[in-house]
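S.K.: Coordinates in query_12.cif, mmCIF, C-alpha atoms and all ligand atoms, are listed below.
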```
data_upload
loop_
_atom_site.label_atom_id
_atom_site.label_comp_id
_atom_site.auth_asym_id
_atom_site.auth_seq_id
_atom_site.Cartn_x
_atom_site.Cartn_y
_atom_site.Cartn_z
CA MET J 208 20.32 -12.46 47.72
CA ILE J 209 19.49 -9.39 45.66
CA ASN J 210 16.54 -7.85 43.89
CA ILE J 211 17.17 -7.11 40.22
CA LEU J 212 15.32 -4.83 37.83
CA ILE J 213 15.86 -5.40 34.11
CA VAL J 214 15.07 -2.38 31.94
CA GLY J 215 13.73 -3.25 28.49
CA SER J 216 11.10 -5.36 26.76
CA GLY J 217 12.65 -7.45 24.01
CA GLY J 218 13.95 -10.94 23.38
CA ARG J 219 17.28 -9.86 24.82
CA GLU J 220 15.62 -8.94 28.11
CA HIS J 221 13.60 -12.18 28.23
CA ALA J 222 16.77 -14.22 27.63
CA MET J 223 18.66 -12.30 30.35
CA ALA J 224 15.70 -12.79 32.71
CA TRP J 225 15.77 -16.54 31.99
CA LYS J 226 19.47 -16.70 32.84
CA ILE J 227 19.21 -14.46 35.91
CA LYS J 228 16.31 -16.52 37.23
CA GLN J 229 18.67 -19.51 37.56
CA SER J 230 21.00 -17.68 39.94
CA PRO J 231 21.13 -18.63 43.62
CA LYS J 232 22.01 -14.97 44.28
CA LEU J 233 18.62 -13.74 43.03
CA ASN J 234 15.85 -12.84 45.43
CA GLN J 235 13.20 -11.09 43.32
CA LEU J 236 13.19 -10.19 39.64
CA PHE J 237 11.39 -7.24 38.05
CA ILE J 238 11.27 -6.13 34.43
CA ALA J 239 10.26 -2.67 33.18
CA PRO J 240 8.24 -2.77 31.04
CA GLY J 241 8.88 -6.41 30.00
CA ASN J 242 6.65 -8.54 27.78
CA ALA J 243 4.38 -11.58 28.08
CA GLY J 244 7.42 -13.86 28.35
CA THR J 245 9.17 -11.95 31.11
CA SER J 246 5.95 -11.92 33.15
CA LEU J 247 6.37 -15.69 33.56
CA LEU J 248 9.78 -15.20 35.21
CA GLY J 249 9.34 -12.07 37.28
CA THR J 250 7.12 -9.07 37.87
CA ASN J 251 6.57 -6.71 34.96
CA ILE J 252 6.35 -3.04 35.91
CA PRO J 253 4.54 -0.83 33.39
CA VAL J 254 7.22 1.85 33.15
CA GLY J 255 8.98 2.82 29.91
CA VAL J 256 12.75 2.67 29.47
CA SER J 257 13.10 6.45 29.23
CA ASP J 258 10.83 7.23 32.19
CA PHE J 259 13.59 7.89 34.73
CA GLU J 260 11.19 9.05 37.45
CA GLY J 261 9.08 5.95 36.97
CA LEU J 262 12.17 3.76 37.15
CA ARG J 263 13.32 5.60 40.27
CA LYS J 264 10.00 4.92 41.97
CA ALA J 265 9.95 1.29 40.81
CA ALA J 266 13.47 0.79 42.19
CA LEU J 267 12.65 2.31 45.57
CA ASP J 268 9.23 0.64 45.93
CA ASN J 269 10.69 -2.79 45.23
CA GLN J 270 13.99 -2.47 47.14
CA ILE J 271 15.99 -3.01 43.99
CA ASP J 272 19.72 -3.63 44.52
CA LEU J 273 20.83 -3.82 40.90
CA ILE J 274 19.47 -2.48 37.62
CA LEU J 275 20.49 -4.16 34.39
CA VAL J 276 19.86 -1.86 31.44
CA GLY J 277 19.03 -3.75 28.22
CA PRO J 278 18.74 -1.15 25.43
CA GLU J 279 21.05 1.74 24.53
CA VAL J 280 18.53 4.57 24.57
CA PRO J 281 18.24 5.04 28.37
CA LEU J 282 22.03 4.75 28.70
CA CYS J 283 22.62 7.42 26.06
CA GLU J 284 19.97 9.54 27.78
CA GLY J 285 21.84 9.28 31.08
CA LEU J 286 19.87 6.83 33.23
CA HIS J 287 23.01 5.80 35.10
CA ASP J 288 23.98 9.45 35.71
CA TYR J 289 20.45 10.17 36.96
CA PHE J 290 20.74 7.43 39.59
CA LEU J 291 24.22 8.60 40.63
CA ALA J 292 23.01 12.17 41.08
CA ASP J 293 20.18 11.23 43.45
CA GLY J 294 21.22 10.68 47.08
CA SER J 295 18.34 8.30 47.77
CA LEU J 296 19.43 5.99 44.91
CA GLN J 297 23.13 5.62 45.56
CA HIS J 298 22.84 2.14 47.05
CA ILE J 299 21.43 0.89 43.75
CA LYS J 300 24.00 -0.50 41.34
CA ILE J 301 23.56 0.07 37.65
CA VAL J 302 25.01 -2.26 35.02
CA GLY J 303 25.40 -0.08 31.94
CA PRO J 304 27.68 2.90 31.28
CA GLN J 305 27.09 6.53 32.17
CA LYS J 306 26.21 8.98 29.41
CA LEU J 307 29.83 9.76 28.59
CA GLY J 308 30.79 6.12 27.97
CA ALA J 309 27.50 5.46 26.19
CA GLN J 310 28.72 7.91 23.54
CA LEU J 311 30.65 4.97 22.10
CA GLU J 312 27.28 3.98 20.68
CA GLY J 313 25.47 7.33 20.83
CA SER J 314 27.94 9.14 18.59
CA LYS J 315 29.74 7.50 15.67
CA ASP J 316 32.12 10.46 15.58
CA PHE J 317 32.99 9.98 19.26
CA ALA J 318 33.56 6.25 18.64
CA LYS J 319 35.78 6.92 15.61
CA GLU J 320 37.88 9.49 17.47
CA PHE J 321 38.23 7.04 20.34
CA MET J 322 39.39 4.25 18.02
CA VAL J 323 41.89 6.46 16.22
CA ARG J 324 43.23 7.79 19.54
CA HIS J 325 43.79 4.26 20.82
CA GLN J 326 44.91 2.73 17.52
CA ILE J 327 42.02 0.31 17.33
CA PRO J 328 41.57 -1.06 13.78
CA THR J 329 38.62 0.53 11.99
CA ALA J 330 37.72 1.95 8.57
CA LYS J 331 39.21 5.30 7.47
CA TYR J 332 36.72 8.09 7.92
CA SER J 333 35.91 11.76 7.94
CA SER J 334 33.27 13.50 10.07
CA VAL J 335 31.25 16.05 8.18
CA THR J 336 28.89 18.86 9.18
CA ASN J 337 27.23 21.54 7.03
CA GLU J 338 30.17 23.82 7.88
CA THR J 339 32.69 21.28 6.55
CA LEU J 340 30.62 19.98 3.63
CA SER J 341 33.20 20.84 0.98
CA ASP J 342 35.90 18.91 2.87
CA GLY J 343 33.45 16.02 3.23
CA LEU J 344 32.71 16.00 -0.50
CA ALA J 345 36.43 16.10 -1.23
CA PHE J 346 36.99 13.14 1.15
CA LEU J 347 34.22 11.19 -0.59
CA LYS J 348 36.06 11.63 -3.90
CA THR J 349 39.16 9.99 -2.39
CA MET J 350 37.12 6.89 -1.50
CA THR J 351 36.17 4.11 -3.90
CA ALA J 352 32.64 2.72 -4.25
CA PRO J 353 30.58 1.68 -2.44
CA TYR J 354 30.33 4.74 -0.19
CA VAL J 355 29.37 4.42 3.47
CA LEU J 356 27.51 7.28 5.16
CA LYS J 357 26.55 7.10 8.82
CA ALA J 358 24.39 9.43 10.87
CA ASP J 359 26.44 10.38 13.92
CA GLY J 360 23.63 9.90 16.44
CA LEU J 361 21.19 7.12 17.32
CA ALA J 362 18.83 6.39 14.44
CA ALA J 363 17.22 3.12 15.55
CA GLY J 364 19.51 1.11 13.29
CA LYS J 365 18.50 3.04 10.17
CA GLY J 366 21.24 5.65 10.02
CA VAL J 367 23.73 3.81 7.78
CA LEU J 368 23.57 4.20 4.02
CA ILE J 369 25.73 2.22 1.61
CA ILE J 370 25.67 3.75 -1.85
CA ASP J 371 27.20 2.59 -5.16
CA GLU J 372 27.38 5.84 -7.14
CA LEU J 373 29.50 8.83 -6.15
CA ALA J 374 26.94 11.39 -7.34
CA GLU J 375 24.22 9.71 -5.32
CA ALA J 376 26.49 9.55 -2.26
CA GLU J 377 27.18 13.29 -2.58
CA GLU J 378 23.45 13.97 -2.77
CA SER J 379 22.73 11.69 0.22
CA LEU J 380 25.42 13.34 2.29
CA LYS J 381 23.72 16.72 1.76
CA GLU J 382 20.28 15.28 2.53
CA MET J 383 21.52 13.68 5.73
CA LEU J 384 23.10 16.94 6.88
CA ASP J 385 19.83 18.68 6.03
CA GLY J 386 18.02 16.56 8.59
CA GLN J 387 17.09 13.26 6.92
CA PHE J 388 17.55 11.56 10.31
CA GLY J 389 16.77 14.66 12.37
CA ALA J 390 19.41 15.75 14.88
CA ALA J 391 21.13 12.34 14.51
CA SER J 392 22.47 13.29 11.07
CA GLN J 393 23.56 16.88 11.74
CA LYS J 394 26.95 15.26 11.69
CA VAL J 395 27.74 12.41 9.29
CA VAL J 396 30.61 9.97 9.35
CA VAL J 397 31.83 9.16 5.83
CA GLU J 398 33.66 5.87 5.90
CA GLU J 399 35.76 3.56 3.80
CA PHE J 400 33.82 0.43 2.79
CA LEU J 401 35.21 -2.76 4.31
CA SER J 402 34.46 -6.10 2.79
CA GLY J 403 34.41 -9.27 4.79
CA ILE J 404 32.20 -11.28 7.10
CA GLU J 405 30.74 -9.82 10.30
CA CYS J 406 30.38 -11.10 13.83
CA SER J 407 29.41 -9.74 17.24
CA VAL J 408 31.81 -9.95 20.16
CA PHE J 409 30.69 -9.08 23.67
CA ALA J 410 32.58 -8.32 26.84
CA ILE J 411 31.43 -7.42 30.32
CA THR J 412 33.63 -4.91 32.13
CA ASP J 413 33.90 -3.08 35.42
CA GLY J 414 36.12 -0.47 33.79
CA ASN J 415 39.26 -2.25 34.89
CA ASP J 416 38.91 -5.90 34.00
CA TYR J 417 36.77 -7.65 31.46
CA LYS J 418 35.42 -11.08 30.60
CA ILE J 419 34.69 -12.12 27.04
CA LEU J 420 31.27 -13.61 26.38
CA PRO J 421 30.51 -16.13 23.61
CA VAL J 422 30.89 -14.72 20.10
CA ALA J 423 27.80 -14.71 17.84
CA LYS J 424 26.70 -13.98 14.32
CA ASP J 425 23.56 -12.00 13.68
CA TYR J 426 21.43 -12.13 10.49
CA LYS J 427 20.20 -8.59 9.88
CA ARG J 428 18.42 -8.75 6.52
CA ILE J 429 14.80 -9.79 6.17
CA GLY J 430 15.34 -12.04 3.14
CA GLU J 431 17.17 -15.29 2.59
CA GLY J 432 20.73 -15.07 1.35
CA ASP J 433 21.00 -11.73 3.22
CA SER J 434 18.69 -9.91 0.81
CA GLY J 435 16.13 -7.17 1.31
CA LEU J 436 15.74 -4.61 4.05
CA ASN J 437 17.65 -4.41 7.31
CA THR J 438 15.81 -5.57 10.42
CA GLY J 439 16.61 -5.60 14.11
CA GLY J 440 17.96 -9.11 13.54
CA MET J 441 16.39 -12.32 12.20
CA GLY J 442 18.42 -14.82 14.16
CA ALA J 443 21.78 -15.55 15.69
CA ILE J 444 24.29 -18.36 15.96
CA SER J 445 27.01 -18.90 18.55
CA PRO J 446 29.86 -19.80 18.23
CA VAL J 447 30.94 -18.54 14.80
CA SER J 448 33.16 -20.88 12.80
CA PHE J 449 35.49 -18.25 11.36
CA ALA J 450 35.94 -16.57 14.76
CA ASP J 451 38.42 -19.23 15.81
CA GLU J 452 41.06 -19.01 18.51
CA ILE J 453 43.56 -17.17 16.31
CA PHE J 454 40.94 -14.59 15.28
CA MET J 455 39.65 -14.17 18.84
CA ASN J 456 43.18 -13.68 20.16
CA LYS J 457 43.59 -10.83 17.68
CA VAL J 458 40.24 -9.42 18.75
CA GLU J 459 41.29 -9.43 22.38
CA THR J 460 44.77 -8.01 21.82
CA LEU J 461 43.96 -5.43 19.15
CA ILE J 462 40.43 -4.44 20.10
CA ILE J 463 39.02 -5.49 23.47
CA ARG J 464 42.01 -4.75 25.68
CA PRO J 465 42.85 -1.43 23.98
CA THR J 466 39.20 -0.41 24.34
CA VAL J 467 39.09 -1.06 28.09
CA GLU J 468 42.54 0.51 28.54
CA GLY J 469 41.51 3.45 26.34
CA LEU J 470 38.46 4.14 28.48
CA LYS J 471 40.70 4.15 31.53
CA LYS J 472 43.27 6.46 29.92
CA ASP J 473 40.53 8.82 28.82
CA GLN J 474 39.06 8.71 32.35
CA ILE J 475 35.72 7.52 31.05
CA PRO J 476 34.06 5.50 33.81
CA TYR J 477 32.50 2.41 32.27
CA ASN J 478 30.76 -0.60 33.66
CA GLY J 479 28.47 -2.90 31.77
CA PHE J 480 28.68 -4.50 28.37
CA LEU J 481 30.82 -3.67 25.38
CA PHE J 482 29.54 -4.94 22.04
CA PHE J 483 32.10 -4.96 19.26
CA GLY J 484 30.47 -5.13 15.82
CA LEU J 485 33.38 -6.61 13.90
CA ILE J 486 34.22 -7.43 10.34
CA SER J 487 36.90 -9.91 9.43
CA VAL J 488 38.87 -8.45 6.56
CA LYS J 489 40.96 -11.37 5.31
CA GLY J 490 41.20 -12.69 8.86
CA GLU J 491 41.99 -9.30 10.42
CA PRO J 492 39.29 -8.00 12.79
CA MET J 493 38.18 -4.39 12.34
CA VAL J 494 35.54 -2.50 14.30
CA ILE J 495 32.42 -1.52 12.34
CA GLU J 496 30.70 -0.16 15.41
CA TYR J 497 30.59 -0.17 19.19
CA ASN J 498 27.41 -0.72 21.11
CA VAL J 499 27.14 -0.26 24.85
CA ARG J 500 24.76 -3.14 25.54
CA LEU J 501 24.22 -6.71 24.44
CA GLY J 502 22.89 -7.50 20.97
CA ASP J 503 19.43 -8.64 20.12
CA PRO J 504 18.99 -11.44 18.92
CA GLU J 505 22.59 -12.43 19.77
CA THR J 506 21.71 -12.52 23.49
CA GLU J 507 19.04 -15.15 22.80
CA ALA J 508 21.88 -17.45 21.69
CA VAL J 509 24.69 -16.16 23.94
CA MET J 510 22.78 -16.66 27.23
CA LEU J 511 22.45 -20.37 26.48
CA ARG J 512 26.23 -20.68 26.33
CA ILE J 513 27.10 -18.98 29.61
CA LYS J 514 27.44 -21.72 32.19
CA SER J 515 28.54 -19.49 35.08
CA ASP J 516 26.22 -17.52 37.32
CA PHE J 517 25.31 -14.45 35.24
CA VAL J 518 24.24 -12.51 38.34
CA ASP J 519 27.71 -13.00 39.80
CA LEU J 520 29.18 -11.43 36.64
CA LEU J 521 26.73 -8.53 36.88
CA ILE J 522 27.72 -7.95 40.50
CA GLY J 523 31.39 -8.07 39.47
CA ALA J 524 30.79 -5.41 36.81
CA ALA J 525 28.81 -3.23 39.21
CA ASP J 526 31.19 -3.55 42.18
CA GLY J 527 34.52 -3.47 40.38
CA THR J 528 35.25 -7.06 41.39
CA LEU J 529 35.16 -8.67 37.96
CA ALA J 530 38.78 -9.82 38.32
CA GLU J 531 37.63 -12.26 41.02
CA LYS J 532 34.96 -13.79 38.79
CA THR J 533 35.22 -16.54 36.23
CA ILE J 534 33.18 -17.16 33.13
CA GLU J 535 32.55 -20.68 31.97
CA ILE J 536 31.27 -21.29 28.46
CA ASP J 537 29.19 -24.19 27.17
CA ASP J 538 30.89 -25.92 24.22
CA ARG J 539 27.63 -26.60 22.44
CA THR J 540 26.24 -24.42 19.66
CA ALA J 541 23.22 -22.22 20.30
CA ALA J 542 20.97 -20.94 17.53
CA ALA J 543 18.13 -18.42 17.76
CA VAL J 544 15.54 -18.13 15.00
CA MET J 545 13.37 -15.01 15.07
CA LEU J 546 9.68 -15.24 14.19
CA VAL J 547 8.46 -11.90 12.89
CA SER J 548 5.16 -10.27 11.94
CA GLY J 549 4.08 -10.26 8.29
CA GLY J 550 5.22 -7.03 6.62
CA TYR J 551 8.10 -6.39 9.04
CA PRO J 552 10.39 -4.39 8.78
CA GLY J 553 7.77 -2.35 6.91
CA PRO J 554 4.30 -1.75 8.36
CA TYR J 555 2.73 -4.73 10.13
CA GLU J 556 -0.30 -5.47 12.29
CA LYS J 557 -0.20 -6.22 16.00
CA GLY J 558 -2.58 -8.12 18.24
CA LYS J 559 -2.48 -11.48 16.43
CA ILE J 560 -3.10 -14.38 18.81
CA ILE J 561 -0.04 -16.59 19.27
CA SER J 562 -0.82 -20.29 19.58
CA GLY J 563 1.24 -23.41 20.11
CA LEU J 564 3.73 -22.03 22.64
CA GLU J 565 2.93 -25.00 24.89
CA ASN J 566 4.09 -27.41 22.15
CA VAL J 567 7.66 -26.13 22.11
CA GLU J 568 9.99 -28.97 23.09
CA ASN J 569 13.73 -28.87 23.78
CA SER J 570 13.91 -25.21 22.72
CA PHE J 571 13.36 -21.94 24.49
CA ALA J 572 10.80 -19.44 23.24
CA PHE J 573 12.14 -16.01 24.15
CA HIS J 574 9.45 -13.40 23.68
CA ALA J 575 10.33 -10.17 21.88
CA GLY J 576 7.19 -8.27 20.84
CA THR J 577 4.41 -10.00 22.76
CA ASN J 578 1.75 -8.87 25.18
CA TYR J 579 -1.41 -10.12 26.84
CA ARG J 580 -4.69 -9.02 25.30
CA ASN J 581 -7.90 -10.30 26.87
CA GLY J 582 -5.90 -12.99 28.61
CA GLU J 583 -4.25 -14.26 25.43
CA ILE J 584 -0.64 -13.88 24.36
CA CYS J 585 -0.65 -11.71 21.24
CA THR J 586 1.90 -10.20 18.87
CA ASP J 587 2.93 -6.72 19.92
CA GLY J 588 5.88 -5.88 17.67
CA GLY J 589 7.75 -6.69 14.47
CA ARG J 590 10.02 -9.23 16.03
CA VAL J 591 7.76 -11.54 18.01
CA ILE J 592 9.54 -14.62 19.39
CA ALA J 593 13.06 -16.02 19.20
CA ILE J 594 13.27 -19.80 19.30
CA SER J 595 16.63 -20.80 20.78
CA SER J 596 18.14 -24.26 20.92
CA TYR J 597 21.31 -26.10 21.74
CA GLY J 598 22.99 -28.52 19.38
CA ASN J 599 26.21 -30.42 19.04
CA SER J 600 26.60 -28.61 15.74
CA MET J 601 25.14 -25.55 14.09
CA VAL J 602 22.94 -27.72 11.88
CA GLU J 603 21.58 -29.60 14.88
CA ALA J 604 20.81 -26.43 16.87
CA LEU J 605 19.16 -24.79 13.87
CA SER J 606 17.04 -27.80 12.96
CA LEU J 607 15.68 -27.99 16.50
CA SER J 608 14.80 -24.28 16.39
CA TYR J 609 13.18 -24.66 12.96
CA LYS J 610 11.16 -27.65 14.12
CA ASN J 611 9.78 -25.65 17.03
CA ALA J 612 9.29 -22.56 14.87
CA GLN J 613 6.73 -24.62 12.90
CA LEU J 614 4.80 -25.39 16.08
CA ILE J 615 4.13 -21.76 16.96
CA ASN J 616 1.54 -19.93 14.95
CA PHE J 617 0.22 -16.45 14.46
CA GLU J 618 -1.27 -14.77 11.40
CA GLY J 619 1.51 -13.51 9.12
CA LYS J 620 4.33 -15.41 10.84
CA TYR J 621 7.60 -15.31 8.89
CA PHE J 622 11.13 -16.49 9.59
CA ARG J 623 14.31 -17.02 7.62
CA LYS J 624 15.08 -20.65 6.89
CA ASP J 625 18.67 -20.19 5.74
CA LEU J 626 20.47 -19.04 8.89
CA GLY J 627 24.08 -20.13 8.96
CA PHE J 628 24.24 -20.32 5.14
CA ASP J 629 27.47 -18.33 5.16
CA LEU J 630 29.29 -20.20 7.91
P1 LIG U 1 26.13 -0.09 11.85
O1 LIG U 1 24.82 0.56 12.19
O2 LIG U 1 27.32 0.78 12.06
O3 LIG U 1 26.26 -1.46 12.46
O4 LIG U 1 26.05 -0.41 10.31
C1 LIG U 1 25.04 -1.24 9.81
C2 LIG U 1 25.62 -2.23 8.85
O5 LIG U 1 26.21 -1.53 7.75
C3 LIG U 1 26.75 -3.06 9.43
O6 LIG U 1 26.30 -4.16 10.12
C4 LIG U 1 27.50 -3.44 8.18
O7 LIG U 1 26.88 -4.54 7.55
C5 LIG U 1 27.35 -2.23 7.31
N1 LIG U 1 28.53 -1.37 7.43
C6 LIG U 1 28.70 -0.37 8.30
N2 LIG U 1 29.91 0.20 8.14
C7 LIG U 1 30.51 -0.45 7.13
C8 LIG U 1 31.79 -0.32 6.47
N3 LIG U 1 32.66 0.61 6.82
N4 LIG U 1 32.06 -1.20 5.48
C9 LIG U 1 31.17 -2.13 5.11
N5 LIG U 1 29.97 -2.29 5.67
C10 LIG U 1 29.63 -1.46 6.67
N1 LIG U 2 21.81 -7.46 16.65
C1 LIG U 2 22.42 -6.19 16.52
C2 LIG U 2 22.10 -5.25 17.56
O1 LIG U 2 21.60 -5.60 18.62
O2 LIG U 2 22.37 -4.06 17.39
#
```
Represent the structure contained in this file as structure tokens.
Ligand code: AMP
Ligand code: GLY
M.R.:
Amino acid sequence: MINILIVGSGGREHAMAWKIKQSPKLNQLFIAPGNAGTSLLGTNIPVGVSDFEGLRKAALDNQIDLILVGPEVPLCEGLHDYFLADGSLQHIKIVGPQKLGAQLEGSKDFAKEFMVRHQIPTAKYSSVTNETLSDGLAFLKTMTAPYVLKADGLAAGKGVLIIDELAEAEESLKEMLDGQFGAASQKVVVEEFLSGIECSVFAITDGNDYKILPVAKDYKRIGEGDSGLNTGGMGAISPVSFADEIFMNKVETLIIRPTVEGLKKDQIPYNGFLFFGLISVKGEPMVIEYNVRLGDPETEAVMLRIKSDFVDLLIGAADGTLAEKTIEIDDRTAAAVMLVSGGYPGPYEKGKIISGLENVENSFAFHAGTNYRNGEICTDGGRVIAISSYGNSMVEALSLSYKNAQLINFEGKYFRKDLGFDL
């Protein structure tokens, strides 16, 4: 029996807490900082994800055996390295890569070099800095529209620009290099545009072996028919019809295995999750991006489909014993519908009272941005609650989530009603 601390506060962390809570291997569960939903499953600790000293103290005070890191920021900032460097923390296992491996997400240039080095299919690119601007502009001219510009560093999901006109792309490249996204865009990856349909593939690895988790599709745009601004994700569906066995075999052979082998060859220690943001270009998978954590809201669908003990998989990843573990997947479909605050992803108000949670039936309400105010559960972020359901088909899972989405209310509530339209 072990004590687990989950770092993070979103729907992903609530869904992981829900799954972990079912494990016979769990003793006590803590979440830092967590949200109103996670407080129903474990003990929330009011410590932020980047507060390493606070996390250190929380881990020692609560005899934590394993820390599961939800978001990328603390991994890219070196939370795992911090624990490794401290003698009093060495008995605590961390699931999530060290800073070096986290560069797969923290630096687009690092990820692209890695993919090229290990012959992993991805878009053609050139990395540009102010010093190499003229080469960058020349590379842009060799591309055809639309033009893809990516800030090298973490930019909270906002660092990718897709531009139709060459002149505008040239201007944007200069603006990015001049600090449009701060330090994150001191280097810019200029990339070939790929057209196809996207999906999210996840693996858990101990650096040697890996297990593939259920594949999911995320809906990133705020508006129906994939229109309007990008969000953190408006919903997710798993499995994904086009990601069939043939496609997934290609993904494993051409992408997942070479990635794990590549990390080994490059002597990059890595344990935790690998998230492959893929695009199917006429049935051929290509990597759009790596992330070093699970997706949100994909996790709110994926957790429903993992039948095996999730804690056992986490222990396997932490201990280097993943080869001994098995992963069993539920055949049913899972669908997560995200309820968001009015105005999101632009400015929105917080603190709206959420009612009707007790009416949810045959679905799970995973909290994202929620908190207690004066004893009531209130909105506390743009993405508020993910409603996740099982179904024997995508339509069945979605209709159950939609039915329950109607039963929850808060001022300004919005959700997309067309998830799965493209599948
Ligand atoms: P990223 O932050 O790398 O996931 O990029 C955000 C979104 O931009 C992706 O989910 C894709 O929809 C789109 N995108 C990124 N790179 C490309 C590309 N090379 N071709 C087409 N679309 C892309
Ligand atoms: N849903 C996409 C992400 O977590 O980055």
S.K.: Which residues are close to Ile462 of chain J, i.e. within 12 Å by all atoms listed in the file, leaving aside same-chain residues fewer than 5 positions away? Reply as a PDB file with C-alpha atoms, keeping the file's coordinate frame.
M.R.:
```pdb
ATOM      1  CA  PHE J 321      38.230   7.040  20.340  1.00  0.00           C
ATOM      2  CA  MET J 322      39.390   4.250  18.020  1.00  0.00           C
ATOM      3  CA  VAL J 323      41.890   6.460  16.220  1.00  0.00           C
ATOM      4  CA  HIS J 325      43.790   4.260  20.820  1.00  0.00           C
ATOM      5  CA  GLN J 326      44.910   2.730  17.520  1.00  0.00           C
ATOM      6  CA  ILE J 327      42.020   0.310  17.330  1.00  0.00           C
ATOM      7  CA  PRO J 328      41.570  -1.060  13.780  1.00  0.00           C
ATOM      8  CA  THR J 329      38.620   0.530  11.990  1.00  0.00           C
ATOM      9  CA  VAL J 408      31.810  -9.950  20.160  1.00  0.00           C
ATOM     10  CA  PHE J 409      30.690  -9.080  23.670  1.00  0.00           C
ATOM     11  CA  ALA J 410      32.580  -8.320  26.840  1.00  0.00           C
ATOM     12  CA  ILE J 419      34.690 -12.120  27.040  1.00  0.00           C
ATOM     13  CA  PHE J 454      40.940 -14.590  15.280  1.00  0.00           C
ATOM     14  CA  MET J 455      39.650 -14.170  18.840  1.00  0.00           C
ATOM     15  CA  ASN J 456      43.180 -13.680  20.160  1.00  0.00           C
ATOM     16  CA  LYS J 457      43.590 -10.830  17.680  1.00  0.00           C
ATOM     17  CA  VAL J 467      39.090  -1.060  28.090  1.00  0.00           C
ATOM     18  CA  GLU J 468      42.540   0.510  28.540  1.00  0.00           C
ATOM     19  CA  GLY J 469      41.510   3.450  26.340  1.00  0.00           C
ATOM     20  CA  LEU J 481      30.820  -3.670  25.380  1.00  0.00           C
ATOM     21  CA  PHE J 482      29.540  -4.940  22.040  1.00  0.00           C
ATOM     22  CA  PHE J 483      32.100  -4.960  19.260  1.00  0.00           C
ATOM     23  CA  GLY J 484      30.470  -5.130  15.820  1.00  0.00           C
ATOM     24  CA  LEU J 485      33.380  -6.610  13.900  1.00  0.00           C
ATOM     25  CA  ILE J 486      34.220  -7.430  10.340  1.00  0.00           C
ATOM     26  CA  GLU J 491      41.990  -9.300  10.420  1.00  0.00           C
ATOM     27  CA  PRO J 492      39.290  -8.000  12.790  1.00  0.00           C
ATOM     28  CA  MET J 493      38.180  -4.390  12.340  1.00  0.00           C
ATOM     29  CA  VAL J 494      35.540  -2.500  14.300  1.00  0.00           C
ATOM     30  CA  ILE J 495      32.420  -1.520  12.340  1.00  0.00           C
ATOM     31  CA  GLU J 496      30.700  -0.160  15.410  1.00  0.00           C
ATOM     32  CA  TYR J 497      30.590  -0.170  19.190  1.00  0.00           C
TER      33      TYR J 497
END
```
S.K.: Got a sec to check which residues lie within 9 Å of ligand LIG 1 (chain U), using all atoms listed in the file, and send them as a VMD selection string?
M.R.: chain J and resid 315 329 to 332 353 to 358 362 to 369 397 to 406 427 437 484 to 486 494 to 498
S.K.: Excluding Pro476 of chain J and its own-chain neighbours fewer than 2 positions away, which residues fall within 9 Å of it when counting only C-alpha atoms? Please give them as a list in words.
M.R.: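 Neighbouring residues, sequence-local ones excluded: Pro304, Gln305, Leu307, Gly308, Asp413, Gly414, Leu470, Lys471, Asp473, Gln474 and Asn478 of chain J.
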S.K.: Determine the nearest neighbour of Gly261 of chain J from the options J:Asp342, J:Arg580, J:Ala239, J:Ser379, counting all atoms listed in the file.
M.R.: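 Looking only at the distances to Gly261 of chain J, the closest residue turns out to be J:Ala239.
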S.K.: Identify, counting only C-alpha atoms and all ligand atoms, the protein, DNA and RNA residues located within 7 Å of ligand LIG 2 (chain U), and give them as a PyMOL selection string.
M.R.: chain J and resi 425+439-440+501-505
S.K.: Find the distance between atom CA of Glu372 of chain J and atom CA of Val396 of chain J and write it in Å to one decimal.
M.R.: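 Distance reported for this atom pair: 17.3 Å.
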S.K.: Leaving out Asp268 of chain J and any residue of its chain fewer than 3 positions from it, which residues lie within 12 Å of it when counting all atoms listed in the file, given as a PDB file with C-alpha atoms, in the coordinates of the input?
M.R.:
```
ATOM      1  CA  ASN J 210      16.540  -7.850  43.890  1.00  0.00           C
ATOM      2  CA  LEU J 212      15.320  -4.830  37.830  1.00  0.00           C
ATOM      3  CA  PHE J 237      11.390  -7.240  38.050  1.00  0.00           C
ATOM      4  CA  ILE J 252       6.350  -3.040  35.910  1.00  0.00           C
ATOM      5  CA  GLY J 261       9.080   5.950  36.970  1.00  0.00           C
ATOM      6  CA  LEU J 262      12.170   3.760  37.150  1.00  0.00           C
ATOM      7  CA  ARG J 263      13.320   5.600  40.270  1.00  0.00           C
ATOM      8  CA  LYS J 264      10.000   4.920  41.970  1.00  0.00           C
ATOM      9  CA  ALA J 265       9.950   1.290  40.810  1.00  0.00           C
ATOM     10  CA  ILE J 271      15.990  -3.010  43.990  1.00  0.00           C
ATOM     11  CA  ASP J 272      19.720  -3.630  44.520  1.00  0.00           C
ATOM     12  CA  LEU J 296      19.430   5.990  44.910  1.00  0.00           C
TER      13      LEU J 296
END
```
S.K.: When you draw a straight line from atom CA of Phe388 of chain J to atom CA of Ala374 of chain J, how long is it in Å?
M.R.: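 So the two atoms, atom CA of Phe388 of chain J and atom CA of Ala374 of chain J, lie 20.0 Å apart.
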S.K.: Which residues are close to Leu248 of chain J, i.e. within 9 Å by only C-alpha atoms, leaving aside same-chain residues fewer than 3 positions away? Reply as an mmCIF file with C-alpha atoms, in the coordinates of the input.
M.R.:
```
data_model
loop_
_atom_site.group_PDB
_atom_site.id
_atom_site.type_symbol
_atom_site.label_atom_id
_atom_site.label_comp_id
_atom_site.auth_asym_id
_atom_site.auth_seq_id
_atom_site.Cartn_x
_atom_site.Cartn_y
_atom_site.Cartn_z
ATOM 1 C CA HIS J 221 13.600 -12.180 28.230
ATOM 2 C CA ALA J 224 15.700 -12.790 32.710
ATOM 3 C CA TRP J 225 15.770 -16.540 31.990
ATOM 4 C CA LYS J 228 16.310 -16.520 37.230
ATOM 5 C CA LEU J 236 13.190 -10.190 39.640
ATOM 6 C CA PHE J 237 11.390 -7.240 38.050
ATOM 7 C CA GLY J 244 7.420 -13.860 28.350
ATOM 8 C CA THR J 245 9.170 -11.950 31.110
#
```
